[in-house]
file input13.txt (compact mmCIF, C-alpha atoms)
# COMPACT_ATOMS: atom_id res chain seq x y z
CA MET A 1176 7.78 20.13 6.00
CA SER A 1177 10.10 18.14 3.78
CA SER A 1178 12.03 19.29 0.72
CA SER A 1179 9.13 18.91 -1.72
CA SER A 1180 5.52 19.93 -0.99
CA SER A 1181 4.03 17.72 -3.70
CA LEU A 1182 5.89 14.71 -2.28
CA ASP A 1183 4.46 15.54 1.16
CA LYS A 1184 0.96 15.69 -0.30
CA LEU A 1185 1.46 12.33 -2.02
CA ILE A 1186 2.61 10.74 1.27
CA ASP A 1187 -0.45 12.19 3.06
CA ALA A 1188 -2.75 10.83 0.35
CA LEU A 1189 -1.20 7.33 0.43
CA CYS A 1190 -1.75 7.17 4.22
CA CYS A 1191 -5.50 6.64 3.56
CA LEU A 1192 -4.82 3.17 2.12
CA PRO A 1193 -5.83 0.28 4.40
CA GLY A 1194 -2.90 -1.17 6.34
CA VAL A 1195 -0.58 1.66 5.25
CA GLY A 1196 0.94 3.90 7.92
CA ARG A 1197 3.07 7.01 7.46
CA LYS A 1198 6.32 5.08 7.17
CA SER A 1199 4.97 2.72 4.49
CA ALA A 1200 3.35 5.64 2.65
CA GLN A 1201 6.71 7.42 2.59
CA ARG A 1202 8.43 4.30 1.29
CA MET A 1203 5.78 3.91 -1.44
CA ALA A 1204 5.98 7.59 -2.47
CA LEU A 1205 9.79 7.56 -2.69
CA TYR A 1206 9.72 4.29 -4.62
CA LEU A 1207 7.14 5.59 -7.11
CA ILE A 1208 8.85 8.93 -7.72
CA ASP A 1209 12.42 7.66 -7.63
CA LYS A 1210 12.37 4.13 -9.00
CA ASN A 1211 9.14 3.43 -10.86
CA ARG A 1212 7.60 6.46 -12.57
CA GLN A 1213 5.95 4.22 -15.16
CA GLY A 1214 4.23 2.26 -12.37
CA ALA A 1215 3.19 5.53 -10.76
CA ARG A 1216 1.66 6.75 -14.02
CA GLU A 1217 -0.24 3.47 -14.33
CA ILE A 1218 -1.62 3.73 -10.79
CA ALA A 1219 -2.75 7.33 -11.36
CA SER A 1220 -4.44 6.58 -14.69
CA SER A 1221 -6.04 3.27 -13.66
CA LEU A 1222 -7.33 4.91 -10.49
CA SER A 1223 -8.94 7.82 -12.38
CA ASP A 1224 -10.28 5.36 -14.92
CA ALA A 1225 -11.81 3.09 -12.27
CA LEU A 1226 -13.34 6.09 -10.45
CA ASP A 1227 -14.97 7.19 -13.70
CA LYS A 1228 -16.20 3.81 -14.86
CA VAL A 1229 -16.89 1.50 -11.91
CA GLN A 1230 -20.56 1.30 -10.96
CA HIS A 1231 -22.76 -1.54 -9.74
CA CYS A 1232 -24.10 -4.17 -12.13
CA GLU A 1233 -27.89 -3.90 -12.48
CA LEU A 1234 -28.30 -7.67 -12.37
CA CYS A 1235 -25.92 -8.84 -9.64
CA ARG A 1236 -24.90 -5.59 -7.84
CA ASN A 1237 -21.20 -6.50 -8.22
CA PHE A 1238 -18.75 -3.84 -9.47
CA SER A 1239 -18.99 -3.33 -13.21
CA ASP A 1240 -17.78 -0.97 -15.94
CA GLU A 1241 -21.10 -1.17 -17.74
CA THR A 1242 -24.78 -1.74 -16.92
CA HIS A 1243 -24.18 -5.50 -16.80
CA CYS A 1244 -20.89 -6.87 -15.44
CA ASN A 1245 -18.44 -9.20 -17.21
CA LEU A 1246 -19.66 -12.20 -15.21
CA CYS A 1247 -23.36 -11.59 -15.91
CA LYS A 1248 -22.60 -11.06 -19.63
CA ASN A 1249 -20.47 -14.20 -19.94
CA PRO A 1250 -22.50 -16.74 -21.97
CA LYS A 1251 -20.29 -19.63 -20.80
CA ARG A 1252 -21.53 -19.39 -17.21
CA GLN A 1253 -24.39 -21.59 -16.02
CA GLU A 1254 -27.63 -19.60 -16.01
CA ASP A 1255 -29.48 -21.84 -13.59
CA LEU A 1256 -27.03 -21.68 -10.67
CA LEU A 1257 -26.98 -18.54 -8.50
CA CYS A 1258 -24.48 -17.96 -5.73
CA VAL A 1259 -25.39 -15.29 -3.16
CA VAL A 1260 -22.46 -13.58 -1.40
CA GLU A 1261 -22.01 -10.57 0.85
CA THR A 1262 -19.27 -8.61 -0.94
CA PRO A 1263 -17.42 -8.22 -4.27
CA ALA A 1264 -14.31 -9.53 -2.46
CA ASP A 1265 -16.19 -12.79 -1.81
CA VAL A 1266 -16.85 -13.12 -5.57
CA MET A 1267 -13.13 -12.59 -6.25
CA ALA A 1268 -12.22 -15.30 -3.73
CA ILE A 1269 -14.68 -17.80 -5.24
CA GLU A 1270 -13.54 -16.95 -8.79
CA ALA A 1271 -9.91 -17.46 -7.75
CA SER A 1272 -10.81 -20.94 -6.46
CA GLY A 1273 -12.45 -21.81 -9.79
CA SER A 1274 -15.02 -23.89 -7.89
CA PHE A 1275 -18.16 -22.22 -9.23
CA GLN A 1276 -19.29 -21.69 -12.82
CA GLY A 1277 -22.72 -20.15 -12.28
CA LYS A 1278 -23.87 -16.56 -11.77
CA TYR A 1279 -23.68 -14.37 -8.68
CA PHE A 1280 -25.76 -12.05 -6.62
CA VAL A 1281 -23.89 -9.64 -4.34
CA LEU A 1282 -25.78 -8.35 -1.30
CA LEU A 1283 -23.22 -5.60 -0.52
CA GLY A 1284 -23.86 -6.27 3.19
CA LYS A 1285 -25.88 -8.52 5.46
CA LEU A 1286 -29.17 -8.14 7.33
CA SER A 1287 -28.49 -6.04 10.41
CA PRO A 1288 -31.53 -4.11 11.71
CA ILE A 1289 -29.37 -2.34 14.35
CA ASP A 1290 -27.30 -0.73 11.55
CA GLY A 1291 -30.43 0.01 9.54
CA VAL A 1292 -29.68 -2.67 6.93
CA GLY A 1293 -32.92 -4.34 5.85
CA PRO A 1294 -33.96 -6.39 2.78
CA ASP A 1295 -34.15 -3.25 0.59
CA GLU A 1296 -30.55 -2.23 1.30
CA LEU A 1297 -29.41 -5.73 0.24
CA GLY A 1298 -31.27 -5.46 -3.07
CA LEU A 1299 -33.51 -8.42 -2.27
CA ASP A 1300 -36.23 -6.86 -4.48
CA ILE A 1301 -33.83 -7.17 -7.42
CA LEU A 1302 -33.09 -10.78 -6.41
CA SER A 1303 -36.83 -11.61 -6.19
CA LYS A 1304 -37.36 -10.17 -9.67
CA ARG A 1305 -34.51 -12.31 -11.03
CA LEU A 1306 -35.93 -15.44 -9.42
CA GLN A 1307 -39.28 -14.63 -11.04
CA GLN A 1308 -37.89 -13.96 -14.52
CA GLU A 1309 -34.90 -16.33 -14.82
CA GLN A 1310 -34.87 -20.11 -14.77
CA VAL A 1311 -32.80 -20.50 -11.58
CA LYS A 1312 -32.66 -24.13 -10.43
CA GLU A 1313 -30.50 -23.73 -7.33
CA ILE A 1314 -29.41 -20.89 -5.07
CA ILE A 1315 -26.14 -21.47 -3.23
CA LEU A 1316 -26.00 -19.32 -0.10
CA ALA A 1317 -22.38 -18.31 0.54
CA THR A 1318 -22.87 -15.58 3.13
CA ASN A 1319 -20.36 -15.58 5.98
CA PRO A 1320 -20.88 -18.03 8.87
CA THR A 1321 -21.65 -15.20 11.34
CA ILE A 1322 -24.97 -14.63 13.10
CA GLU A 1323 -25.98 -11.93 10.61
CA GLY A 1324 -24.75 -14.04 7.69
CA GLU A 1325 -26.82 -17.03 8.83
CA ILE A 1326 -29.94 -14.90 9.33
CA THR A 1327 -29.46 -13.37 5.88
CA ALA A 1328 -29.06 -16.84 4.36
CA GLN A 1329 -32.24 -18.02 6.08
CA TYR A 1330 -34.14 -14.94 4.88
CA ILE A 1331 -33.10 -15.57 1.28
CA ALA A 1332 -33.91 -19.28 1.61
CA ASP A 1333 -37.45 -18.25 2.61
CA ILE A 1334 -37.79 -16.03 -0.48
CA ALA A 1335 -36.48 -18.86 -2.70
CA SER A 1336 -39.01 -21.32 -1.25
CA GLU A 1337 -41.79 -18.98 -2.43
CA TYR A 1338 -40.59 -19.59 -5.97
CA HIS A 1339 -40.01 -23.33 -5.27
CA ILE A 1340 -36.29 -23.01 -5.93
CA LYS A 1341 -33.83 -25.38 -4.26
CA THR A 1342 -31.43 -23.63 -1.91
CA SER A 1343 -28.17 -24.90 -0.41
CA ARG A 1344 -25.61 -23.52 2.03
CA ILE A 1345 -21.86 -23.90 1.42
CA ALA A 1346 -20.24 -26.40 3.81
CA HIS A 1347 -18.60 -25.17 6.98
CA GLY A 1348 -15.96 -27.31 8.63
CA VAL A 1349 -12.26 -27.83 9.17
CA PRO A 1350 -10.26 -25.84 6.56
CA VAL A 1351 -8.18 -27.99 4.21
CA GLY A 1352 -4.58 -28.00 5.46
CA GLY A 1353 -5.72 -26.92 8.94
CA GLU A 1354 -4.95 -28.95 12.03
CA LEU A 1355 -7.83 -30.24 14.14
CA GLU A 1356 -5.99 -29.23 17.30
CA TYR A 1357 -6.15 -25.53 16.41
CA VAL A 1358 -9.68 -25.37 15.00
CA ASP A 1359 -12.23 -23.54 17.18
CA SER A 1360 -15.08 -25.49 18.77
CA GLY A 1361 -17.83 -23.81 16.67
CA THR A 1362 -16.12 -24.92 13.46
CA LEU A 1363 -15.52 -28.44 14.83
CA SER A 1364 -19.18 -28.70 15.80
CA LYS A 1365 -20.18 -27.68 12.23
CA ALA A 1366 -17.70 -30.23 10.84
CA PHE A 1367 -19.37 -33.04 12.82
CA ASP A 1368 -22.90 -31.90 11.93
CA GLY A 1369 -22.01 -31.75 8.25
CA ARG A 1370 -20.15 -35.09 8.09
CA GLN A 1371 -20.51 -37.05 4.85
CA THR A 1372 -20.80 -40.78 4.37
CA ILE A 1373 -17.86 -42.44 2.62
CA GLY A 1374 -18.53 -45.20 0.12
CA ASP A 1375 -21.94 -46.78 -0.55
CA SER A 1376 -22.67 -48.60 2.68
CA MET B 1232 -11.33 -12.02 -15.26
CA SER B 1233 -13.45 -10.40 -12.59
CA SER B 1234 -16.67 -8.44 -12.99
CA SER B 1235 -15.00 -5.12 -13.86
CA SER B 1236 -12.02 -4.74 -16.20
CA SER B 1237 -11.04 -1.31 -14.88
CA LEU B 1238 -10.98 -2.71 -11.32
CA ASP B 1239 -8.71 -5.54 -12.54
CA LYS B 1240 -6.36 -2.99 -14.11
CA LEU B 1241 -6.27 -0.98 -10.90
CA ILE B 1242 -5.39 -4.11 -8.87
CA ASP B 1243 -2.60 -4.95 -11.36
CA ALA B 1244 -1.22 -1.40 -11.11
CA LEU B 1245 -1.27 -1.38 -7.29
CA CYS B 1246 0.75 -4.64 -7.24
CA CYS B 1247 3.85 -2.62 -8.24
CA LEU B 1248 3.92 -0.88 -4.83
CA PRO B 1249 6.69 -2.11 -2.51
CA GLY B 1250 5.46 -4.64 0.05
CA VAL B 1251 2.08 -4.99 -1.69
CA GLY B 1252 1.05 -8.40 -3.05
CA ARG B 1253 -2.03 -9.28 -5.07
CA LYS B 1254 -4.23 -9.79 -2.02
CA SER B 1255 -3.31 -6.42 -0.49
CA ALA B 1256 -3.68 -4.70 -3.87
CA GLN B 1257 -7.19 -6.16 -4.17
CA ARG B 1258 -8.05 -4.98 -0.66
CA MET B 1259 -6.75 -1.48 -1.46
CA ALA B 1260 -8.61 -1.27 -4.77
CA LEU B 1261 -11.93 -2.39 -3.26
CA TYR B 1262 -11.47 0.00 -0.34
CA LEU B 1263 -10.72 2.95 -2.64
CA ILE B 1264 -13.59 2.30 -5.05
CA ASP B 1265 -16.14 1.21 -2.48
CA LYS B 1266 -15.39 3.13 0.70
CA ASN B 1267 -13.12 6.09 0.01
CA ARG B 1268 -13.55 7.65 -3.43
CA GLN B 1269 -12.41 11.00 -2.11
CA GLY B 1270 -9.16 9.43 -0.90
CA ALA B 1271 -8.78 7.68 -4.26
CA ARG B 1272 -9.20 11.00 -6.08
CA GLU B 1273 -6.55 12.55 -3.84
CA ILE B 1274 -4.08 9.73 -4.50
CA ALA B 1275 -4.61 10.00 -8.27
CA SER B 1276 -4.23 13.79 -8.36
CA SER B 1277 -1.30 14.01 -5.92
CA LEU B 1278 0.47 11.25 -7.83
CA SER B 1279 0.06 13.02 -11.19
CA ASP B 1280 1.06 16.28 -9.54
CA ALA B 1281 4.21 14.78 -7.98
CA LEU B 1282 5.17 13.12 -11.27
CA ASP B 1283 4.89 16.47 -13.03
CA LYS B 1284 6.65 18.57 -10.44
CA VAL B 1285 9.21 16.55 -8.48
CA GLN B 1286 12.78 17.01 -9.68
CA HIS B 1287 16.12 17.19 -7.90
CA CYS B 1288 17.22 20.35 -6.08
CA GLU B 1289 20.22 21.97 -7.79
CA LEU B 1290 21.88 22.70 -4.47
CA CYS B 1291 21.36 19.56 -2.38
CA ARG B 1292 20.10 16.95 -4.91
CA ASN B 1293 17.11 16.15 -2.68
CA PHE B 1294 13.62 15.96 -4.21
CA SER B 1295 12.15 19.37 -4.90
CA ASP B 1296 9.22 21.02 -6.69
CA GLU B 1297 11.40 23.89 -7.86
CA THR B 1298 15.05 24.54 -8.72
CA HIS B 1299 15.87 24.89 -5.02
CA CYS B 1300 14.10 22.73 -2.45
CA ASN B 1301 12.10 23.90 0.58
CA LEU B 1302 14.95 23.04 2.95
CA CYS B 1303 17.61 24.89 0.93
CA LYS B 1304 15.30 27.92 0.60
CA ASN B 1305 14.42 28.03 4.31
CA PRO B 1306 16.21 31.10 5.80
CA LYS B 1307 15.78 29.74 9.35
CA ARG B 1308 18.18 26.85 8.78
CA GLN B 1309 21.85 27.19 9.76
CA GLU B 1310 23.92 27.96 6.68
CA ASP B 1311 27.23 26.82 8.13
CA LEU B 1312 26.25 23.23 9.01
CA LEU B 1313 26.01 20.67 6.21
CA CYS B 1314 24.79 17.11 6.72
CA VAL B 1315 25.68 14.60 3.99
CA VAL B 1316 23.31 11.64 3.60
CA GLU B 1317 22.80 8.87 1.06
CA THR B 1318 19.07 9.17 0.27
CA PRO B 1319 16.04 11.49 0.52
CA ALA B 1320 14.56 8.96 2.98
CA ASP B 1321 17.54 9.66 5.28
CA VAL B 1322 16.72 13.39 5.20
CA MET B 1323 13.11 12.59 6.13
CA ALA B 1324 14.24 10.43 9.06
CA ILE B 1325 16.59 13.15 10.37
CA GLU B 1326 13.91 15.84 9.90
CA ALA B 1327 11.39 13.68 11.81
CA SER B 1328 13.86 13.46 14.73
CA GLY B 1329 14.24 17.26 14.78
CA SER B 1330 17.88 16.80 15.77
CA PHE B 1331 19.45 18.84 12.98
CA GLN B 1332 18.81 22.44 11.92
CA GLY B 1333 21.43 22.88 9.20
CA LYS B 1334 21.39 22.18 5.48
CA TYR B 1335 21.72 18.89 3.64
CA PHE B 1336 23.53 17.32 0.75
CA VAL B 1337 22.01 14.13 -0.68
CA LEU B 1338 24.39 11.77 -2.49
CA LEU B 1339 21.59 9.63 -4.01
CA GLY B 1340 23.85 6.62 -3.52
CA LYS B 1341 27.25 5.65 -2.16
CA LEU B 1342 30.67 5.06 -3.72
CA SER B 1343 30.59 1.63 -5.28
CA PRO B 1344 33.04 1.16 -8.18
CA ILE B 1345 31.67 -2.34 -8.91
CA ASP B 1346 28.24 -0.83 -9.67
CA GLY B 1347 29.81 2.02 -11.63
CA VAL B 1348 29.04 4.62 -8.96
CA GLY B 1349 31.93 7.08 -8.70
CA PRO B 1350 32.31 10.63 -7.33
CA ASP B 1351 30.51 12.14 -10.35
CA GLU B 1352 27.39 9.99 -9.88
CA LEU B 1353 27.19 11.20 -6.25
CA GLY B 1354 27.35 14.86 -7.32
CA LEU B 1355 30.58 15.46 -5.44
CA ASP B 1356 31.47 18.17 -7.99
CA ILE B 1357 28.36 20.06 -6.87
CA LEU B 1358 29.38 19.51 -3.23
CA SER B 1359 32.92 20.80 -3.90
CA LYS B 1360 31.49 23.94 -5.55
CA ARG B 1361 29.25 24.52 -2.52
CA LEU B 1362 32.18 24.12 -0.12
CA GLN B 1363 34.11 26.66 -2.23
CA GLN B 1364 31.30 29.23 -2.42
CA GLU B 1365 29.45 28.85 0.90
CA GLN B 1366 30.71 29.50 4.42
CA VAL B 1367 30.37 25.92 5.66
CA LYS B 1368 31.97 25.45 9.11
CA GLU B 1369 31.23 21.78 9.68
CA ILE B 1370 30.25 18.81 7.57
CA ILE B 1371 28.39 16.05 9.40
CA LEU B 1372 28.78 12.75 7.58
CA ALA B 1373 25.62 10.70 8.06
CA THR B 1374 26.14 8.00 5.43
CA ASN B 1375 25.16 4.50 6.50
CA PRO B 1376 27.58 2.47 8.64
CA THR B 1377 28.25 -0.02 5.84
CA ILE B 1378 31.59 -0.55 4.10
CA GLU B 1379 30.53 1.62 1.12
CA GLY B 1380 29.04 4.23 3.44
CA GLU B 1381 32.27 4.46 5.46
CA ILE B 1382 34.40 4.73 2.31
CA THR B 1383 32.08 7.44 0.96
CA ALA B 1384 32.33 9.32 4.27
CA GLN B 1385 36.13 9.09 4.19
CA TYR B 1386 36.21 10.31 0.57
CA ILE B 1387 34.10 13.36 1.42
CA ALA B 1388 36.20 14.02 4.56
CA ASP B 1389 39.26 14.15 2.27
CA ILE B 1390 37.52 16.71 0.00
CA ALA B 1391 36.51 18.79 3.04
CA SER B 1392 40.08 18.82 4.38
CA GLU B 1393 41.17 20.46 1.11
CA TYR B 1394 38.94 23.41 2.03
CA HIS B 1395 40.01 23.21 5.71
CA ILE B 1396 36.46 22.44 6.83
CA LYS B 1397 35.87 20.46 10.02
CA THR B 1398 34.14 17.11 9.41
CA SER B 1399 32.41 14.82 11.87
CA ARG B 1400 30.75 11.43 11.67
CA ILE B 1401 27.42 10.71 13.45
CA ALA B 1402 27.87 8.39 16.45
CA HIS B 1403 27.30 4.67 16.04
CA GLY B 1404 26.44 2.61 19.08
CA VAL B 1405 23.68 0.92 21.02
CA PRO B 1406 20.25 2.23 19.85
CA VAL B 1407 18.25 4.03 22.54
CA GLY B 1408 15.68 1.61 23.95
CA GLY B 1409 17.70 -1.34 22.63
CA GLU B 1410 18.96 -4.09 24.90
CA LEU B 1411 22.69 -4.77 25.05
CA GLU B 1412 22.05 -8.51 24.92
CA TYR B 1413 20.56 -8.29 21.43
CA VAL B 1414 22.97 -5.79 19.89
CA ASP B 1415 25.38 -7.22 17.31
CA SER B 1416 29.10 -7.29 18.04
CA GLY B 1417 30.03 -4.71 15.38
CA THR B 1418 27.68 -2.16 16.95
CA LEU B 1419 28.91 -3.00 20.47
CA SER B 1420 32.50 -2.55 19.35
CA LYS B 1421 31.58 0.90 17.89
CA ALA B 1422 29.78 1.74 21.14
CA PHE B 1423 32.95 1.04 23.17
CA ASP B 1424 35.23 2.89 20.72
CA GLY B 1425 32.94 5.93 20.80
CA ARG B 1426 32.43 6.01 24.59
CA GLN B 1427 32.09 9.46 26.14
CA THR B 1428 33.43 10.70 29.46
CA ILE B 1429 30.77 11.54 32.06
CA GLY B 1430 31.33 14.61 34.28
CA ASP B 1431 34.45 16.79 34.32
CA SER B 1432 37.05 14.44 35.80

call {"tool": "encode", "arguments": {"input": "input13.txt", "output": "C-alpha cells"}}
result
Amino acid sequence: MSSSSSLDKLIDALCCLPGVGRKSAQRMALYLIDKNRQGAREIASSLSDALDKVQHCELCRNFSDETHCNLCKNPKRQEDLLCVVETPADVMAIEASGSFQGKYFVLLGKLSPIDGVGPDELGLDILSKRLQQEQVKEIILATNPTIEGEITAQYIADIASEYHIKTSRIAHGVPVGGELEYVDSGTLSKAFDGRQTIGDS
Amino acid sequence: MSSSSSLDKLIDALCCLPGVGRKSAQRMALYLIDKNRQGAREIASSLSDALDKVQHCELCRNFSDETHCNLCKNPKRQEDLLCVVETPADVMAIEASGSFQGKYFVLLGKLSPIDGVGPDELGLDILSKRLQQEQVKEIILATNPTIEGEITAQYIADIASEYHIKTSRIAHGVPVGGELEYVDSGTLSKAFDGRQTIGDS
C-alpha cells in the first residue's frame, strides 16, 4: 500500500495496457498526476468518449463513430477500388502510407476453422452484398502473408470471381531499405516469383 | 484522418504518456477499444478519481487522498525514524524493497538555486516544525547521490543538528548483482570509502 489509494488504483489500471509493466505504469501515473494534469484529463475524457461512440461501420466493419465511417462517407475516395484487410490497424498503416485512395473492407480476423472463425465471422455476407450492389472494379487483397491470410485471400478471390470482379494481391518481396542478406528465404522466394520486367524489351 | 474521429482523439491523447510514441499510442487505443473495454473503463474512472482526489500530504508532502497520507496515518510505522527522499517515486521504490518501516518526508525536488529551488520550495519549514514537535531519533537522508542531492542532504543534516537529532546517509556502493568491472569509478570510490569491517577483529 502506498501513500494514496487512488494513485495505487490508477497504477493497477494502467498495467492492463499492452507493453506496460508495473514500473512503466507507475511512471505514467506519477507523470500524469504530478506533471501533466491537463493531459490526464484529456486521456480520461477521450477514453470515455471513444467507449461511448466507437462501433463498427455497417459498410466496411472498421471502427466508426457513426453508422458509416469517415472513410466510407468520404466522397473523394474511389468507389470502384476495394481493399480487403484483416484489422483496423492495417487500414491505419495503409492510410499512413498514402498509397491507396479507394475504399476498405475490414475482416476483423482471418479464416481459421480451428478457432471457429468462418466466413460469417469475417462478415463475408456483407462483402458479397456490397459486391452485388456497388460498382466495384477491382478488389485488392491485403491480408497478411500467413497461411490463414493466404487462404482467406483465396476464399475472397473465389467470391469475387462469382461477380466477375478483378482481384489482385499486394506484392510480397524484399522490404524497401532491407538488406537481401537478412531477408528470410520465404520472402526471397516471393520476391523472385513476383519479379517485374524493367523497360519495354 | 482515420475511420473514427473519437479513436483519433484517443490516440492523440495517449501520445502524451512518457515513453509512448504514436505507434504505441495507436496500439494501446486499438487494444482498449477492441479487446479490453473493461480495462479502458477502469483507466478512465481511476484517472478521473485520482485527478479529483490526489493532493499532497500535509505532514510528508507525498501524494495523498486526504490531508494525511496512508503512510503517515499508519500506526504500525516507527514514529522515531524519518527518511528524507526527493520524490514520491523514491518512496515507492523504498516501500517495494520493504527495507524501511519508519516515516517519510518528500522534498519534491532538491536544492538548486539556479532553478530557483530553495529551502522553502522543498518544504524544509514543514520538516523543521516536525523535528520540533515529533520525537524523531534518526533522520535517514536518501536523496540521490548527485551534487544537488548531496548538498540537499548536507543542508538537512545541518537543520537536524540544531535539534540534536542523529542523521545518517544511505550507503552508496556497488549494486547487488552488479559486476565490479562495469561499475563507474565514482561508485567504486564510494564503495571503498564506505567499506565495512567483517567479524569482530

call {"tool": "interface_residues", "arguments": {"input": "input13.txt", "of": "chain B", "to": "chain A", "cutoff": "7 Å", "atoms": "only C-alpha atoms", "output": "MDAnalysis selection string"}}
result
chainID B and resid 1233:1238 1240:1241 1244:1245 1247:1249 1259 1264 1270:1271 1273:1275 1277:1282 1293:1296 1300:1302 1323

call {"tool": "write_last_selection", "arguments": {"input": "input13.txt", "atoms": "C-alpha atoms", "output": "mmCIF file, in the coordinates of the input"}}
result
data_model
loop_
_atom_site.group_PDB
_atom_site.id
_atom_site.type_symbol
_atom_site.label_atom_id
_atom_site.label_comp_id
_atom_site.auth_asym_id
_atom_site.auth_seq_id
_atom_site.Cartn_x
_atom_site.Cartn_y
_atom_site.Cartn_z
ATOM 1 C CA SER B 1233 -13.450 -10.400 -12.590
ATOM 2 C CA SER B 1234 -16.670 -8.440 -12.990
ATOM 3 C CA SER B 1235 -15.000 -5.120 -13.860
ATOM 4 C CA SER B 1236 -12.020 -4.740 -16.200
ATOM 5 C CA SER B 1237 -11.040 -1.310 -14.880
ATOM 6 C CA LEU B 1238 -10.980 -2.710 -11.320
ATOM 7 C CA LYS B 1240 -6.360 -2.990 -14.110
ATOM 8 C CA LEU B 1241 -6.270 -0.980 -10.900
ATOM 9 C CA ALA B 1244 -1.220 -1.400 -11.110
ATOM 10 C CA LEU B 1245 -1.270 -1.380 -7.290
ATOM 11 C CA CYS B 1247 3.850 -2.620 -8.240
ATOM 12 C CA LEU B 1248 3.920 -0.880 -4.830
ATOM 13 C CA PRO B 1249 6.690 -2.110 -2.510
ATOM 14 C CA MET B 1259 -6.750 -1.480 -1.460
ATOM 15 C CA ILE B 1264 -13.590 2.300 -5.050
ATOM 16 C CA GLY B 1270 -9.160 9.430 -0.900
ATOM 17 C CA ALA B 1271 -8.780 7.680 -4.260
ATOM 18 C CA GLU B 1273 -6.550 12.550 -3.840
ATOM 19 C CA ILE B 1274 -4.080 9.730 -4.500
ATOM 20 C CA ALA B 1275 -4.610 10.000 -8.270
ATOM 21 C CA SER B 1277 -1.300 14.010 -5.920
ATOM 22 C CA LEU B 1278 0.470 11.250 -7.830
ATOM 23 C CA SER B 1279 0.060 13.020 -11.190
ATOM 24 C CA ASP B 1280 1.060 16.280 -9.540
ATOM 25 C CA ALA B 1281 4.210 14.780 -7.980
ATOM 26 C CA LEU B 1282 5.170 13.120 -11.270
ATOM 27 C CA ASN B 1293 17.110 16.150 -2.680
ATOM 28 C CA PHE B 1294 13.620 15.960 -4.210
ATOM 29 C CA SER B 1295 12.150 19.370 -4.900
ATOM 30 C CA ASP B 1296 9.220 21.020 -6.690
ATOM 31 C CA CYS B 1300 14.100 22.730 -2.450
ATOM 32 C CA ASN B 1301 12.100 23.900 0.580
ATOM 33 C CA LEU B 1302 14.950 23.040 2.950
ATOM 34 C CA MET B 1323 13.110 12.590 6.130
#

call {"tool": "atom_distance", "arguments": {"input": "input13.txt", "atom1": "atom CA of Gly1369 of chain A", "atom2": "atom CA of Ala1346 of chain A"}}
result
7.2 Å

call {"tool": "atom_distance", "arguments": {"input": "input13.txt", "atom1": "atom CA of Thr1362 of chain A", "atom2": "atom CA of Gly1348 of chain A"}}
result
5.4 Å

call {"tool": "calpha_fit_rmsd", "arguments": {"input": "input13.txt", "fixed": "chain B", "moving": "chain A"}}
result
0.1 Å

call {"tool": "residues_around", "arguments": {"input": "input13.txt", "residues": "Gly1298 of chain A", "least_positions_apart": "2", "cutoff": "12 Å", "atoms": "only C-alpha atoms", "output": "MDAnalysis selection string"}}
result
chainID A and resid 1231:1237 1259 1261 1280:1286 1292:1296 1300:1305 1331

call {"tool": "residues_around", "arguments": {"input": "input13.txt", "residues": "Asp1359 of chain A", "least_positions_apart": "5", "cutoff": "12 Å", "atoms": "all atoms listed in the file", "output": "PyMOL selection string"}}
result
chain A and resi 1348-1350+1353-1354+1364-1366

call {"tool": "write_last_selection", "arguments": {"input": "input13.txt", "atoms": "C-alpha atoms", "output": "JSON list (two decimals), in the frame of the given file"}}
result
[["chain", "number", "residue", "atom", "x", "y", "z"],
["A", 1348, "GLY", "CA", -15.96, -27.31, 8.63],
["A", 1349, "VAL", "CA", -12.26, -27.83, 9.17],
["A", 1350, "PRO", "CA", -10.26, -25.84, 6.56],
["A", 1353, "GLY", "CA", -5.72, -26.92, 8.94],
["A", 1354, "GLU", "CA", -4.95, -28.95, 12.03],
["A", 1364, "SER", "CA", -19.18, -28.70, 15.80],
["A", 1365, "LYS", "CA", -20.18, -27.68, 12.23],
["A", 1366, "ALA", "CA", -17.70, -30.23, 10.84]]

call {"tool": "atom_distance", "arguments": {"input": "input13.txt", "atom1": "atom CA of Val1367 of chain B", "atom2": "atom CA of Glu1379 of chain B"}}
result
24.7 Å

call {"tool": "closest_residue", "arguments": {"input": "input13.txt", "among": "A:Lys1341, A:Tyr1279, A:Pro1288, A:Tyr1357", "to": "Ile1326 of chain A", "atoms": "only C-alpha atoms"}}
result
A:Pro1288

call {"tool": "closest_residue", "arguments": {"input": "input13.txt", "among": "B:Leu1355, B:Val1414, B:Pro1376, B:Leu1419", "to": "Ala1388 of chain B", "atoms": "all atoms listed in the file"}}
result
B:Leu1355

call {"tool": "axis_aligned_box", "arguments": {"input": "input13.txt", "around": "segment 1291-1309 of chain B", "padding_each_side": "8 Å", "output": "AutoDock Vina command-line options"}}
result
--center_x 15.5 --center_y 23.5 --center_z 0.5 --size_x 28.6 --size_y 31.1 --size_z 34.5

call {"tool": "decode", "arguments": {"input": "input13.txt", "residues": "segment 1352-1358 of chain A", "atoms": "N, CA and C atoms", "output": "PDB file, in the first residue's frame"}}
result
ATOM      1  N   GLY A1352      14.612  -0.723 -48.257  1.00  0.00           N
ATOM      2  CA  GLY A1352      15.548  -0.358 -47.192  1.00  0.00           C
ATOM      3  C   GLY A1352      16.124  -1.586 -46.504  1.00  0.00           C
ATOM      4  N   GLY A1353      15.538  -2.764 -46.776  1.00  0.00           N
ATOM      5  CA  GLY A1353      16.046  -4.001 -46.166  1.00  0.00           C
ATOM      6  C   GLY A1353      17.263  -4.510 -46.916  1.00  0.00           C
ATOM      7  N   GLU A1354      18.054  -5.337 -46.256  1.00  0.00           N
ATOM      8  CA  GLU A1354      19.214  -5.901 -46.935  1.00  0.00           C
ATOM      9  C   GLU A1354      18.956  -7.357 -47.267  1.00  0.00           C
ATOM     10  N   LEU A1355      19.247  -7.719 -48.509  1.00  0.00           N
ATOM     11  CA  LEU A1355      18.998  -9.061 -49.025  1.00  0.00           C
ATOM     12  C   LEU A1355      19.519 -10.137 -48.087  1.00  0.00           C
ATOM     13  N   GLU A1356      20.712  -9.862 -47.536  1.00  0.00           N
ATOM     14  CA  GLU A1356      21.401 -10.810 -46.674  1.00  0.00           C
ATOM     15  C   GLU A1356      20.540 -11.241 -45.480  1.00  0.00           C
ATOM     16  N   TYR A1357      19.716 -10.317 -44.979  1.00  0.00           N
ATOM     17  CA  TYR A1357      18.960 -10.606 -43.754  1.00  0.00           C
ATOM     18  C   TYR A1357      17.502 -10.972 -44.005  1.00  0.00           C
ATOM     19  N   VAL A1358      17.106 -11.070 -45.284  1.00  0.00           N
ATOM     20  CA  VAL A1358      15.718 -11.375 -45.595  1.00  0.00           C
ATOM     21  C   VAL A1358      15.531 -12.891 -45.562  1.00  0.00           C
TER      22      VAL A1358
END
